[in-house]
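J.: Next comes the structure file query_33.cif, holding mmCIF, C-alpha atoms (C1' of nucleotides).
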```cif
data_work
loop_
_atom_site.label_atom_id
_atom_site.label_comp_id
_atom_site.auth_asym_id
_atom_site.auth_seq_id
_atom_site.Cartn_x
_atom_site.Cartn_y
_atom_site.Cartn_z
CA MET A 1 -12.84 12.08 -9.60
CA LEU A 2 -10.07 9.88 -10.80
CA GLY A 3 -9.87 6.73 -8.77
CA LYS A 4 -13.49 6.83 -7.71
CA ASP A 5 -15.44 5.85 -10.76
CA TYR A 6 -15.51 2.95 -13.14
CA ALA A 7 -16.41 4.87 -16.27
CA ASP A 8 -15.45 2.14 -18.69
CA GLN A 9 -17.55 -0.52 -17.06
CA ASP A 10 -20.83 -0.87 -18.89
CA CYS A 11 -22.66 -2.31 -15.94
CA ALA A 12 -25.26 -1.33 -13.40
CA LEU A 13 -23.06 -2.68 -10.63
CA ALA A 14 -20.30 -0.23 -11.55
CA ARG A 15 -22.84 2.62 -11.49
CA ALA A 16 -24.00 1.56 -8.03
CA LEU A 17 -20.45 1.28 -6.74
CA GLU A 18 -19.69 4.79 -7.92
CA VAL A 19 -22.32 5.89 -5.41
CA VAL A 20 -21.81 3.53 -2.48
CA GLY A 21 -18.50 1.83 -3.24
CA GLU A 22 -16.13 4.10 -1.39
CA ARG A 23 -14.69 3.45 2.01
CA TRP A 24 -17.13 4.29 4.82
CA THR A 25 -20.10 4.98 2.58
CA LEU A 26 -22.05 1.82 3.34
CA LEU A 27 -21.37 2.13 7.06
CA ILE A 28 -22.72 5.67 6.94
CA LEU A 29 -25.83 4.40 5.23
CA ARG A 30 -26.21 1.58 7.75
CA ASP A 31 -26.23 4.18 10.51
CA ALA A 32 -28.73 6.25 8.56
CA PHE A 33 -31.04 3.23 8.46
CA TYR A 34 -30.54 2.82 12.20
CA GLY A 35 -31.79 6.38 12.70
CA VAL A 36 -28.59 8.41 12.94
CA ARG A 37 -29.09 11.84 11.36
CA ARG A 38 -26.57 14.30 12.82
CA PHE A 39 -23.02 14.88 11.69
CA ASN A 40 -21.54 14.36 15.12
CA ASP A 41 -23.54 11.23 15.77
CA PHE A 42 -22.17 9.66 12.62
CA GLN A 43 -18.73 10.77 13.64
CA ALA A 44 -18.96 9.45 17.18
CA HIS A 45 -20.30 6.09 16.11
CA LEU A 46 -18.00 5.49 13.16
CA ASP A 47 -14.69 6.99 14.31
CA ILE A 48 -14.36 8.42 10.84
CA PRO A 49 -12.20 11.50 10.16
CA LYS A 50 -14.49 14.50 9.93
CA ALA A 51 -13.12 15.54 6.56
CA VAL A 52 -14.01 12.16 5.09
CA LEU A 53 -17.44 12.16 6.71
CA SER A 54 -18.09 15.59 5.29
CA ASP A 55 -17.01 14.44 1.82
CA ARG A 56 -19.14 11.33 1.92
CA LEU A 57 -22.26 13.05 3.21
CA SER A 58 -22.04 15.75 0.54
CA ALA A 59 -21.48 13.15 -2.14
CA LEU A 60 -24.48 11.13 -0.98
CA VAL A 61 -26.61 14.29 -1.02
CA VAL A 62 -25.46 15.09 -4.55
CA GLU A 63 -26.26 11.53 -5.58
CA GLY A 64 -29.75 11.83 -4.16
CA VAL A 65 -29.29 9.09 -1.60
CA LEU A 66 -29.46 11.42 1.39
CA ASP A 67 -31.36 14.65 1.95
CA ARG A 68 -29.77 17.46 3.90
CA VAL A 69 -32.51 19.28 5.76
CA PRO A 70 -32.28 22.11 8.31
CA ASP A 71 -32.49 20.91 11.89
CA PRO A 72 -35.67 22.47 13.33
CA ASP A 73 -34.23 22.40 16.87
CA HIS A 74 -30.89 24.01 16.10
CA GLY A 75 -30.44 26.89 13.70
CA GLY A 76 -27.57 26.48 11.26
CA ARG A 77 -27.41 22.72 11.68
CA HIS A 78 -28.60 20.00 9.41
CA LEU A 79 -30.03 16.52 9.46
CA TYR A 80 -29.14 13.87 6.92
CA GLU A 81 -32.03 11.62 5.99
CA LEU A 82 -32.40 8.79 3.53
CA THR A 83 -34.30 9.61 0.38
CA GLU A 84 -36.56 7.09 -1.28
CA SER A 85 -33.72 5.99 -3.51
CA GLY A 86 -31.50 5.67 -0.46
CA ARG A 87 -34.08 3.55 1.31
CA GLU A 88 -34.07 1.21 -1.65
CA LEU A 89 -30.50 0.32 -0.82
CA TRP A 90 -31.76 -1.66 2.16
CA PRO A 91 -31.85 -5.04 0.39
CA ALA A 92 -28.24 -4.67 -0.73
CA LEU A 93 -27.14 -3.62 2.74
CA HIS A 94 -29.06 -6.45 4.35
CA ALA A 95 -27.61 -9.00 1.95
CA LEU A 96 -24.06 -7.93 2.75
CA MET A 97 -24.83 -7.95 6.45
CA SER A 98 -26.22 -11.47 6.20
CA TRP A 99 -23.15 -12.69 4.38
CA GLY A 100 -20.92 -11.13 7.02
CA GLY A 101 -23.06 -12.67 9.72
CA ARG A 102 -22.83 -16.12 8.20
CA HIS A 103 -19.16 -16.13 7.23
CA ARG A 104 -17.26 -13.76 9.51
CA ALA A 105 -19.06 -12.96 12.74
CA THR A 106 -22.53 -13.72 13.93
CA ASN A 107 -24.71 -10.72 13.29
CA SER A 108 -25.05 -8.60 16.39
CA ARG A 109 -28.61 -7.53 15.56
CA LEU A 110 -31.93 -9.07 14.76
CA PHE A 111 -34.33 -7.61 12.23
CA VAL A 112 -37.99 -8.18 12.82
CA HIS A 113 -40.98 -7.66 10.52
CA ALA A 114 -42.99 -5.31 12.73
CA PRO A 115 -46.55 -6.31 11.70
CA CYS A 116 -45.77 -10.04 12.12
CA ASP A 117 -43.32 -9.78 15.01
CA ALA A 118 -41.26 -12.43 13.24
CA VAL A 119 -37.55 -12.28 12.39
CA LEU A 120 -36.23 -11.85 8.87
CA ASP A 121 -34.15 -14.58 7.29
CA ASP A 122 -30.90 -14.07 5.39
CA GLU A 123 -32.78 -13.11 2.26
CA GLY A 124 -34.70 -10.44 4.18
CA ARG A 125 -37.92 -12.44 4.05
CA CYS A 126 -40.26 -12.48 7.01
CA SER A 127 -40.30 -15.94 8.57
CA ARG A 128 -44.04 -15.72 9.13
CA CYS A 129 -45.65 -13.96 6.16
CA GLY A 130 -42.92 -14.54 3.57
CA LEU A 131 -42.82 -10.95 2.36
CA THR A 132 -39.57 -9.00 2.13
CA PRO A 133 -40.48 -5.76 3.86
CA GLY A 134 -38.88 -2.38 3.29
CA PRO A 135 -37.02 -0.65 6.10
CA ASP A 136 -40.13 1.24 7.27
CA GLU A 137 -41.68 -2.04 8.43
CA ILE A 138 -38.59 -3.38 10.16
CA LEU A 139 -37.74 -3.34 13.86
CA THR A 140 -34.20 -3.96 15.02
CA ARG A 141 -32.73 -4.94 18.35
CA PRO A 142 -29.37 -6.29 19.49
CA ARG A 143 -29.08 -10.03 19.77
CA GLU A 144 -29.06 -11.35 23.34
CA GLY A 145 -25.96 -12.25 25.26
CA ARG A 146 -23.36 -10.18 23.47
CA ARG A 147 -20.96 -7.97 25.28
CA PRO A 148 -21.04 -4.68 23.32
CA ARG A 149 -17.72 -3.37 22.11
CA ARG A 150 -18.55 0.29 21.68
CA SER A 151 -19.61 2.70 24.39
CA ASP A 152 -20.18 6.01 22.59
CA PRO A 153 -23.59 7.62 23.15
CA VAL A 154 -24.83 6.59 19.73
CA ALA A 155 -23.92 2.94 20.26
CA ILE A 156 -25.73 3.05 23.61
CA ALA A 157 -28.83 4.66 22.11
CA LEU A 158 -28.84 1.98 19.42
CA ARG A 159 -29.10 -0.76 22.02
CA ALA A 160 -32.75 0.03 22.55
CA PRO A 161 -35.08 -1.78 20.13
CA HIS A 162 -36.40 0.62 17.52
CA HIS A 163 -37.75 0.92 14.02
CA LEU A 164 -35.37 1.43 11.17
CA LEU A 165 -35.42 5.03 9.90
CA GLU A 166 -36.82 6.27 13.21
CA PRO A 167 -34.76 9.27 14.35
CA LEU A 168 -32.50 8.48 17.25
CA ASP A 169 -32.35 10.84 20.15
CA THR A 170 -29.05 11.15 21.92
CA MET B 171 -3.70 -2.93 6.78
CA LEU B 172 -4.47 0.56 7.96
CA GLY B 173 -7.23 2.07 5.93
CA LYS B 174 -8.72 -1.22 4.85
CA ASP B 175 -10.47 -2.54 7.89
CA TYR B 176 -13.10 -1.31 10.29
CA ALA B 177 -11.80 -2.99 13.43
CA ASP B 178 -13.84 -0.91 15.86
CA GLN B 179 -17.15 -1.53 14.19
CA ASP B 180 -19.01 -4.29 15.98
CA CYS B 181 -21.09 -5.21 13.00
CA ALA B 182 -21.41 -7.97 10.44
CA LEU B 183 -21.55 -5.37 7.68
CA ALA B 184 -18.11 -4.08 8.64
CA ARG B 185 -16.77 -7.63 8.59
CA ALA B 186 -18.21 -8.16 5.11
CA LEU B 187 -16.80 -4.88 3.85
CA GLU B 188 -13.35 -5.84 5.04
CA VAL B 189 -13.56 -8.67 2.53
CA VAL B 190 -15.38 -7.11 -0.42
CA GLY B 191 -15.35 -3.39 0.36
CA GLU B 192 -12.22 -2.33 -1.44
CA ARG B 193 -12.12 -0.72 -4.83
CA TRP B 194 -12.48 -3.27 -7.69
CA THR B 195 -13.27 -6.23 -5.45
CA LEU B 196 -16.97 -6.49 -6.25
CA LEU B 197 -16.34 -5.98 -9.96
CA ILE B 198 -13.82 -8.82 -9.85
CA LEU B 199 -16.41 -11.02 -8.16
CA ARG B 200 -19.05 -10.00 -10.70
CA ASP B 201 -16.74 -11.21 -13.45
CA ALA B 202 -16.08 -14.40 -11.51
CA PHE B 203 -19.84 -15.06 -11.46
CA TYR B 204 -19.94 -14.39 -15.20
CA GLY B 205 -17.35 -17.15 -15.69
CA VAL B 206 -14.06 -15.25 -15.88
CA ARG B 207 -11.29 -17.30 -14.29
CA ARG B 208 -7.93 -16.19 -15.72
CA PHE B 209 -5.77 -13.33 -14.55
CA ASN B 210 -5.52 -11.77 -17.97
CA ASP B 211 -9.21 -12.07 -18.65
CA PHE B 212 -9.99 -10.13 -15.49
CA GLN B 213 -7.39 -7.60 -16.47
CA ALA B 214 -8.64 -7.16 -20.01
CA HIS B 215 -12.25 -6.79 -18.97
CA LEU B 216 -11.73 -4.49 -16.00
CA ASP B 217 -8.83 -2.25 -17.10
CA ILE B 218 -7.43 -2.64 -13.63
CA PRO B 219 -3.72 -2.20 -12.89
CA LYS B 220 -2.13 -5.63 -12.70
CA ALA B 221 -0.61 -4.94 -9.31
CA VAL B 222 -4.02 -4.13 -7.86
CA LEU B 223 -5.62 -7.15 -9.52
CA SER B 224 -2.90 -9.36 -8.11
CA ASP B 225 -3.45 -7.90 -4.63
CA ARG B 226 -7.21 -8.33 -4.76
CA LEU B 227 -7.11 -11.88 -6.09
CA SER B 228 -4.64 -12.97 -3.40
CA ALA B 229 -6.70 -11.28 -0.70
CA LEU B 230 -9.87 -12.98 -1.91
CA VAL B 231 -8.07 -16.34 -1.90
CA VAL B 232 -6.85 -15.73 1.66
CA GLU B 233 -10.39 -14.78 2.67
CA GLY B 234 -11.74 -18.00 1.21
CA VAL B 235 -13.92 -16.29 -1.36
CA LEU B 236 -11.91 -17.51 -4.34
CA ASP B 237 -9.93 -20.69 -4.91
CA ARG B 238 -6.69 -20.56 -6.84
CA VAL B 239 -6.34 -23.83 -8.72
CA PRO B 240 -3.70 -24.92 -11.27
CA ASP B 241 -4.84 -24.51 -14.86
CA PRO B 242 -4.92 -28.05 -16.32
CA ASP B 243 -4.30 -26.73 -19.85
CA HIS B 244 -1.33 -24.50 -19.07
CA GLY B 245 1.45 -25.43 -16.68
CA GLY B 246 2.39 -22.74 -14.23
CA ARG B 247 -0.88 -20.84 -14.61
CA HIS B 248 -3.84 -20.69 -12.34
CA LEU B 249 -7.59 -20.32 -12.41
CA TYR B 250 -9.55 -18.33 -9.87
CA GLU B 251 -12.89 -19.86 -8.96
CA LEU B 252 -15.58 -18.88 -6.51
CA THR B 253 -15.77 -20.98 -3.38
CA GLU B 254 -19.07 -21.83 -1.75
CA SER B 255 -18.75 -18.80 0.49
CA GLY B 256 -17.96 -16.68 -2.54
CA ARG B 257 -21.04 -17.96 -4.35
CA GLU B 258 -23.13 -16.89 -1.39
CA LEU B 259 -22.26 -13.30 -2.19
CA TRP B 260 -24.56 -13.48 -5.19
CA PRO B 261 -27.62 -12.01 -3.43
CA ALA B 262 -25.62 -8.99 -2.29
CA LEU B 263 -24.15 -8.48 -5.73
CA HIS B 264 -27.53 -8.85 -7.38
CA ALA B 265 -29.14 -6.41 -4.97
CA LEU B 266 -26.55 -3.76 -5.74
CA MET B 267 -26.88 -4.40 -9.45
CA SER B 268 -30.64 -4.01 -9.24
CA TRP B 269 -30.32 -0.74 -7.40
CA GLY B 270 -27.86 0.54 -10.00
CA GLY B 271 -30.19 -0.63 -12.74
CA ARG B 272 -33.15 1.17 -11.21
CA HIS B 273 -31.48 4.42 -10.23
CA ARG B 274 -28.47 5.01 -12.47
CA ALA B 275 -28.55 3.08 -15.72
CA THR B 276 -30.83 0.37 -16.96
CA ASN B 277 -29.20 -2.94 -16.29
CA SER B 278 -27.44 -4.22 -19.39
CA ARG B 279 -28.16 -7.86 -18.60
CA LEU B 280 -31.06 -10.09 -17.83
CA PHE B 281 -30.92 -12.92 -15.32
CA VAL B 282 -33.12 -15.90 -15.96
CA HIS B 283 -34.04 -18.79 -13.68
CA ALA B 284 -32.89 -21.66 -15.90
CA PRO B 285 -35.45 -24.35 -14.91
CA CYS B 286 -38.39 -21.94 -15.35
CA ASP B 287 -37.00 -19.87 -18.22
CA ALA B 288 -38.39 -16.80 -16.43
CA VAL B 289 -36.55 -13.60 -15.54
CA LEU B 290 -35.60 -12.67 -12.00
CA ASP B 291 -37.06 -9.56 -10.41
CA ASP B 292 -35.11 -6.95 -8.49
CA GLU B 293 -35.17 -9.08 -5.37
CA GLY B 294 -33.67 -12.00 -7.29
CA ARG B 295 -36.95 -13.92 -7.21
CA CYS B 296 -38.04 -15.97 -10.19
CA SER B 297 -41.09 -14.38 -11.75
CA ARG B 298 -42.63 -17.80 -12.37
CA CYS B 299 -41.83 -20.06 -9.41
CA GLY B 300 -41.13 -17.38 -6.80
CA LEU B 301 -37.92 -18.99 -5.56
CA THR B 302 -34.68 -17.01 -5.28
CA PRO B 303 -32.23 -19.31 -7.02
CA GLY B 304 -28.49 -19.46 -6.40
CA PRO B 305 -26.08 -18.58 -9.20
CA ASP B 306 -25.82 -22.19 -10.38
CA GLU B 307 -29.44 -22.04 -11.57
CA ILE B 308 -29.17 -18.68 -13.28
CA LEU B 309 -28.69 -17.91 -16.95
CA THR B 310 -27.60 -14.47 -18.11
CA ARG B 311 -27.75 -12.68 -21.40
CA PRO B 312 -27.38 -9.08 -22.53
CA ARG B 313 -30.55 -7.09 -22.84
CA GLU B 314 -31.65 -6.42 -26.42
CA GLY B 315 -31.02 -3.23 -28.27
CA ARG B 316 -28.01 -1.90 -26.45
CA ARG B 317 -24.92 -0.79 -28.23
CA PRO B 318 -22.06 -2.39 -26.26
CA ARG B 319 -19.37 -0.07 -25.02
CA ARG B 320 -16.51 -2.50 -24.55
CA SER B 321 -14.84 -4.53 -27.25
CA ASP B 322 -12.21 -6.58 -25.45
CA PRO B 323 -12.35 -10.37 -26.04
CA VAL B 324 -13.88 -11.01 -22.64
CA ALA B 325 -16.69 -8.50 -23.18
CA ILE B 326 -17.38 -10.14 -26.53
CA ALA B 327 -17.42 -13.64 -25.06
CA LEU B 328 -19.82 -12.43 -22.39
CA ARG B 329 -22.35 -11.34 -25.02
CA ALA B 330 -23.33 -14.96 -25.57
CA PRO B 331 -26.03 -16.21 -23.20
CA HIS B 332 -24.54 -18.51 -20.60
CA HIS B 333 -24.94 -19.90 -17.10
CA LEU B 334 -23.41 -18.03 -14.21
CA LEU B 335 -20.26 -19.76 -12.93
CA GLU B 336 -19.80 -21.52 -16.26
CA PRO B 337 -16.16 -21.09 -17.36
CA LEU B 338 -15.78 -18.69 -20.22
CA ASP B 339 -13.58 -19.63 -23.14
CA THR B 340 -11.78 -16.81 -24.86
"C1'" DA C 341 -23.10 42.57 26.55
"C1'" DC C 342 -19.52 39.26 27.05
"C1'" DA C 343 -17.02 35.22 27.20
"C1'" DC C 344 -17.72 30.27 26.68
"C1'" DT C 345 -19.11 26.01 24.78
"C1'" DC C 346 -20.44 22.86 21.39
"C1'" DG C 347 -21.71 21.16 16.85
"C1'" DA C 348 -20.26 21.18 12.29
"C1'" DG C 349 -17.31 21.69 9.45
"C1'" DT C 350 -12.41 23.11 6.79
"C1'" DT C 351 -7.35 23.14 6.38
"C1'" DC C 352 -3.01 20.94 6.65
"C1'" DA C 353 1.14 17.77 6.61
"C1'" DA C 354 2.17 13.00 6.68
"C1'" DT C 355 1.11 8.48 5.37
"C1'" DG C 356 -0.80 4.90 2.62
"C1'" DA C 357 -3.21 3.30 -1.63
"C1'" DC C 358 -3.57 3.42 -6.54
"C1'" DC C 359 -1.95 4.25 -11.13
"C1'" DG C 360 0.56 3.13 -15.55
"C1'" DA C 361 4.79 1.75 -17.48
"C1'" DA C 362 8.59 -1.06 -17.44
"C1'" DC C 363 10.55 -5.25 -16.09
"C1'" DT C 364 10.87 -10.47 -15.03
"C1'" DC C 365 10.21 -15.19 -15.77
"C1'" DA C 366 8.29 -19.50 -17.33
"C1'" DA C 367 5.81 -21.97 -20.85
"C1'" DT C 368 4.31 -22.40 -25.51
"C1'" DG C 369 4.48 -21.42 -30.67
"C1'" DC C 370 7.11 -21.20 -34.91
"C1'" DG D 371 16.71 -21.26 -31.06
"C1'" DC D 372 13.88 -17.14 -30.84
"C1'" DA D 373 9.80 -14.53 -30.31
"C1'" DT D 374 5.45 -14.36 -27.99
"C1'" DT D 375 2.13 -14.54 -24.48
"C1'" DG D 376 0.32 -15.02 -19.83
"C1'" DA D 377 1.07 -13.91 -15.21
"C1'" DG D 378 2.78 -11.59 -12.40
"C1'" DT D 379 6.46 -7.94 -9.60
"C1'" DT D 380 8.82 -3.51 -9.15
"C1'" DC D 381 8.89 1.35 -9.21
"C1'" DG D 382 8.17 6.50 -9.30
"C1'" DG D 383 4.46 9.71 -9.33
"C1'" DT D 384 -0.20 10.96 -8.09
"C1'" DC D 385 -4.35 10.73 -5.45
"C1'" DA D 386 -6.98 9.61 -1.13
"C1'" DT D 387 -7.14 9.07 3.80
"C1'" DT D 388 -5.73 10.17 8.36
"C1'" DG D 389 -5.65 12.75 12.85
"C1'" DA D 390 -4.75 17.12 14.70
"C1'" DA D 391 -5.40 21.80 14.63
"C1'" DC D 392 -8.16 25.54 13.22
"C1'" DT D 393 -12.60 28.24 11.97
"C1'" DC D 394 -17.16 29.78 12.29
"C1'" DG D 395 -21.73 30.48 13.97
"C1'" DA D 396 -25.59 29.49 17.32
"C1'" DG D 397 -26.91 28.95 21.83
"C1'" DT D 398 -25.79 29.45 27.16
"C1'" DG D 399 -24.41 31.34 31.54
"C1'" DT D 400 -23.49 35.47 34.10
#
```
So, in terms of structure tokens, how does the structure I just supplied come out?
T.:
Amino acid sequence: MLGKDYADQDCALARALEVVGERWTLLILRDAFYGVRRFNDFQAHLDIPKAVLSDRLSALVVEGVLDRVPDPDHGGRHLYELTESGRELWPALHALMSWGGRHRATNSRLFVHAPCDAVLDDEGRCSRCGLTPGPDEILTRPREGRRPRRSDPVAIALRAPHHLLEPLDT
Amino acid sequence: MLGKDYADQDCALARALEVVGERWTLLILRDAFYGVRRFNDFQAHLDIPKAVLSDRLSALVVEGVLDRVPDPDHGGRHLYELTESGRELWPALHALMSWGGRHRATNSRLFVHAPCDAVLDDEGRCSRCGLTPGPDEILTRPREGRRPRRSDPVAIALRAPHHLLEPLDT
DNA sequence: ACACTCGAGTTCAATGACCGAACTCAATGC
DNA sequence: GCATTGAGTTCGGTCATTGAACTCGAGTGT
């Protein structure tokens, strides 16, 4: 694993980056939050080489961030789902997304606290009730008036408003 | 820049990762928050190849996350300091650190809201006043009872309690 | 039963990134 | 004047990533 870990860094950040710090990993997890669960859906939406996707998914399963479960509809296939520890990465993901939205490009999605129907601010706090909900209470939809750049089936399915973690059907 | 960017991803997260998603970058920024400002201090504390450190620092300066200013004490040298946009990465960094602290290793540091003298929770919220302060209001110190793993001068200097962003002297 | 397709990978050669060691160069320190 | 130290750059070797081609097994159509 040379080149992947930061063994000499005595720091929780280094430990976290050993899990999610490699190229593509956080984008894979973003898609997992958006409801993507199948190998090919990740691949279609991310344009990632299959070998790398395979590596990353296995690593995330080993790390306990994703679960690999048999697909009930298709024998021999699997679904990749966020574990509890994976779901707890949401605040980190959201914080990075907010920073990107503020400093590079306006964020292409809104996140809404489902019970309040009020948008989340940059800190992930509901603008009505003030709580910072977990992903299971968050709805997402694309922001208005943006011409979408991607046209793969997953990107199209993601244009419909939906709950985070809710399985996508393509 | 092949292999560094995610040009086809229409997403604020991808934009953020193009800036901070490469190996070492977030650890460099962590040290910058801790007060490290000199090339050799980064190098000593991170055990990073100088060529890579040089690359990352220049890239962060180009991206407007760090400023490269002349060192008033030493002609011909420079200091690397967080810009405003760099300082706004604190919530993302803190969120990742919290996750690492919860799921991999207990965090080796405490973060304290200076005005309240109360520790921050995993969401970065002050346990007394409930605000989520920026780095300029945060004090950090090592947690008690941990045998430190590193013994370079920077690691030793960092053992003293200090404000985030406050220049370290080594 | 048979060929076909499609999803989910694995294998492979080429390219790019990362590594550590050695080198440069300017500014102190003695 | 000479050695040292900080801040890089250069360089050969190694490791990771890439896209294309290949494999394998489960359904599907006939």
J.: Distance atom CA of B:Trp269-atom CA of A:Ala32, one decimal place?
T.: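 Interatomic distance here is 17.5 Å.
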J.: With a distance threshold of 12 Å and counting all atoms listed in the file, extract the residues of chain B near chain C and express them as a list in words.
T.: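 That gives the following set of residues: Met171, Leu172, Gly173, Lys174, Glu192, Arg193, Trp194, Asp217, Ile218, Pro219, Lys220, Ala221, Val222, Leu223, Asp225, Asp243, His244, Gly245, Gly246 and Arg247 of chain B.
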J.: Output the contact residues of chain D with respect to chain A at a cut-off of 10 Å, based on all atoms listed in the file, as a CSV table (one decimal) with C-alpha atoms (C1' of nucleotides), keeping the file's coordinate frame.
T.:
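Listing of part.csv after writing:
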```
chain,number,residue,atom,x,y,z
D,385,DC,C1',-4.4,10.7,-5.4
D,386,DA,C1',-7.0,9.6,-1.1
D,387,DT,C1',-7.1,9.1,3.8
D,388,DT,C1',-5.7,10.2,8.4
D,389,DG,C1',-5.6,12.8,12.8
D,395,DG,C1',-21.7,30.5,14.0
D,396,DA,C1',-25.6,29.5,17.3
D,397,DG,C1',-26.9,29.0,21.8
```
J.: Mind giving me the straight-line distance from atom CA of B:His273 to atom CA of A:Leu27 in Å, one decimal?
T.: 20.2 Å
J.: What lies within 12 Å of B:Asp287 using all atoms listed in the file, ignoring chain neighbours under 4 positions off, as a compact mmCIF listing (two decimals) with C-alpha atoms, in the coordinates of the input?
T.:
```txt
# COMPACT_ATOMS: atom_id res chain seq x y z
CA LEU B 280 -31.06 -10.09 -17.83
CA PHE B 281 -30.92 -12.92 -15.32
CA VAL B 282 -33.12 -15.90 -15.96
CA HIS B 283 -34.04 -18.79 -13.68
CA CYS B 296 -38.04 -15.97 -10.19
CA SER B 297 -41.09 -14.38 -11.75
CA ARG B 298 -42.63 -17.80 -12.37
CA CYS B 299 -41.83 -20.06 -9.41
CA GLU B 307 -29.44 -22.04 -11.57
CA ILE B 308 -29.17 -18.68 -13.28
CA LEU B 309 -28.69 -17.91 -16.95
CA THR B 310 -27.60 -14.47 -18.11
```
J.: Selection in question (the file shown): the PyMOL selection byres ((chain B) within 9 of (chain A)). Which residues does it include, as an MDAnalysis selection string?
T.: chainID B and resid 173:174 176 178:187 189 191:194 196:197 200 215:217 255 258:279 293 302 318:320
J.: Please write as a list in words the full residue list that the PyMOL selection byres ((chain B and resi 328-330) around 9) yields on this file.
T.: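 In the shown coordinates, the PyMOL selection byres ((chain B and resi 328-330) around 9) covers Tyr204, Gly205, Thr310, Arg311, Pro312, Pro323, Val324, Ala325, Ile326, Ala327, Pro331, His332 and Leu338 of chain B.
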J.: How far is it from atom CA of B:Glu254 to atom CA of B:Ala288, in Å with one decimal?
T.: 24.8 Å
J.: Check the smallest atom-to-atom distance from each of A:Arg147, A:Arg56, A:Arg37, A:His78 to A:Asp169 using all atoms listed in the file, then report the winner.
T.: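 Using all atoms listed in the file, A:Asp169 sits closest to A:Arg37.
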J.: Quick one: everything within 8 Å of B:Asp237, counting all atoms listed in the file, minus sequence neighbours fewer than 3 positions away in the same chain. Send it as a VMD selection string.
T.: chain B and resid 231 234 249 to 253
J.: Can you patch up stretch 234-245 of chain B, filling it in to N, CA and C atoms, and show the result as a compact mmCIF listing (two decimals), in the coordinates of the input?
T.:
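Now in part-v1.txt:
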```txt
# COMPACT_ATOMS: atom_id res chain seq x y z
N GLY B 234 -10.91 -16.84 1.49
CA GLY B 234 -11.74 -18.00 1.21
C GLY B 234 -12.92 -17.73 0.30
N VAL B 235 -12.84 -16.63 -0.43
CA VAL B 235 -13.92 -16.29 -1.36
C VAL B 235 -13.62 -16.85 -2.75
N LEU B 236 -12.35 -16.87 -3.10
CA LEU B 236 -11.91 -17.51 -4.34
C LEU B 236 -10.95 -18.66 -4.03
N ASP B 237 -10.95 -19.65 -4.93
CA ASP B 237 -9.93 -20.69 -4.91
C ASP B 237 -8.97 -20.44 -6.06
N ARG B 238 -7.69 -20.70 -5.80
CA ARG B 238 -6.69 -20.56 -6.84
C ARG B 238 -6.24 -21.97 -7.18
N VAL B 239 -6.64 -22.44 -8.35
CA VAL B 239 -6.34 -23.83 -8.72
C VAL B 239 -5.44 -23.83 -9.96
N PRO B 240 -4.56 -24.86 -10.08
CA PRO B 240 -3.70 -24.92 -11.27
C PRO B 240 -4.54 -25.07 -12.52
N ASP B 241 -4.14 -24.39 -13.57
CA ASP B 241 -4.84 -24.51 -14.86
C ASP B 241 -4.39 -25.82 -15.53
N PRO B 242 -5.33 -26.76 -15.73
CA PRO B 242 -4.92 -28.05 -16.32
C PRO B 242 -4.35 -27.91 -17.73
N ASP B 243 -4.74 -26.90 -18.47
CA ASP B 243 -4.30 -26.73 -19.85
C ASP B 243 -2.95 -26.03 -19.98
N HIS B 244 -2.55 -25.29 -18.97
CA HIS B 244 -1.33 -24.50 -19.07
C HIS B 244 -0.53 -24.63 -17.78
N GLY B 245 0.60 -25.29 -17.87
CA GLY B 245 1.45 -25.43 -16.68
C GLY B 245 1.85 -24.08 -16.14
```
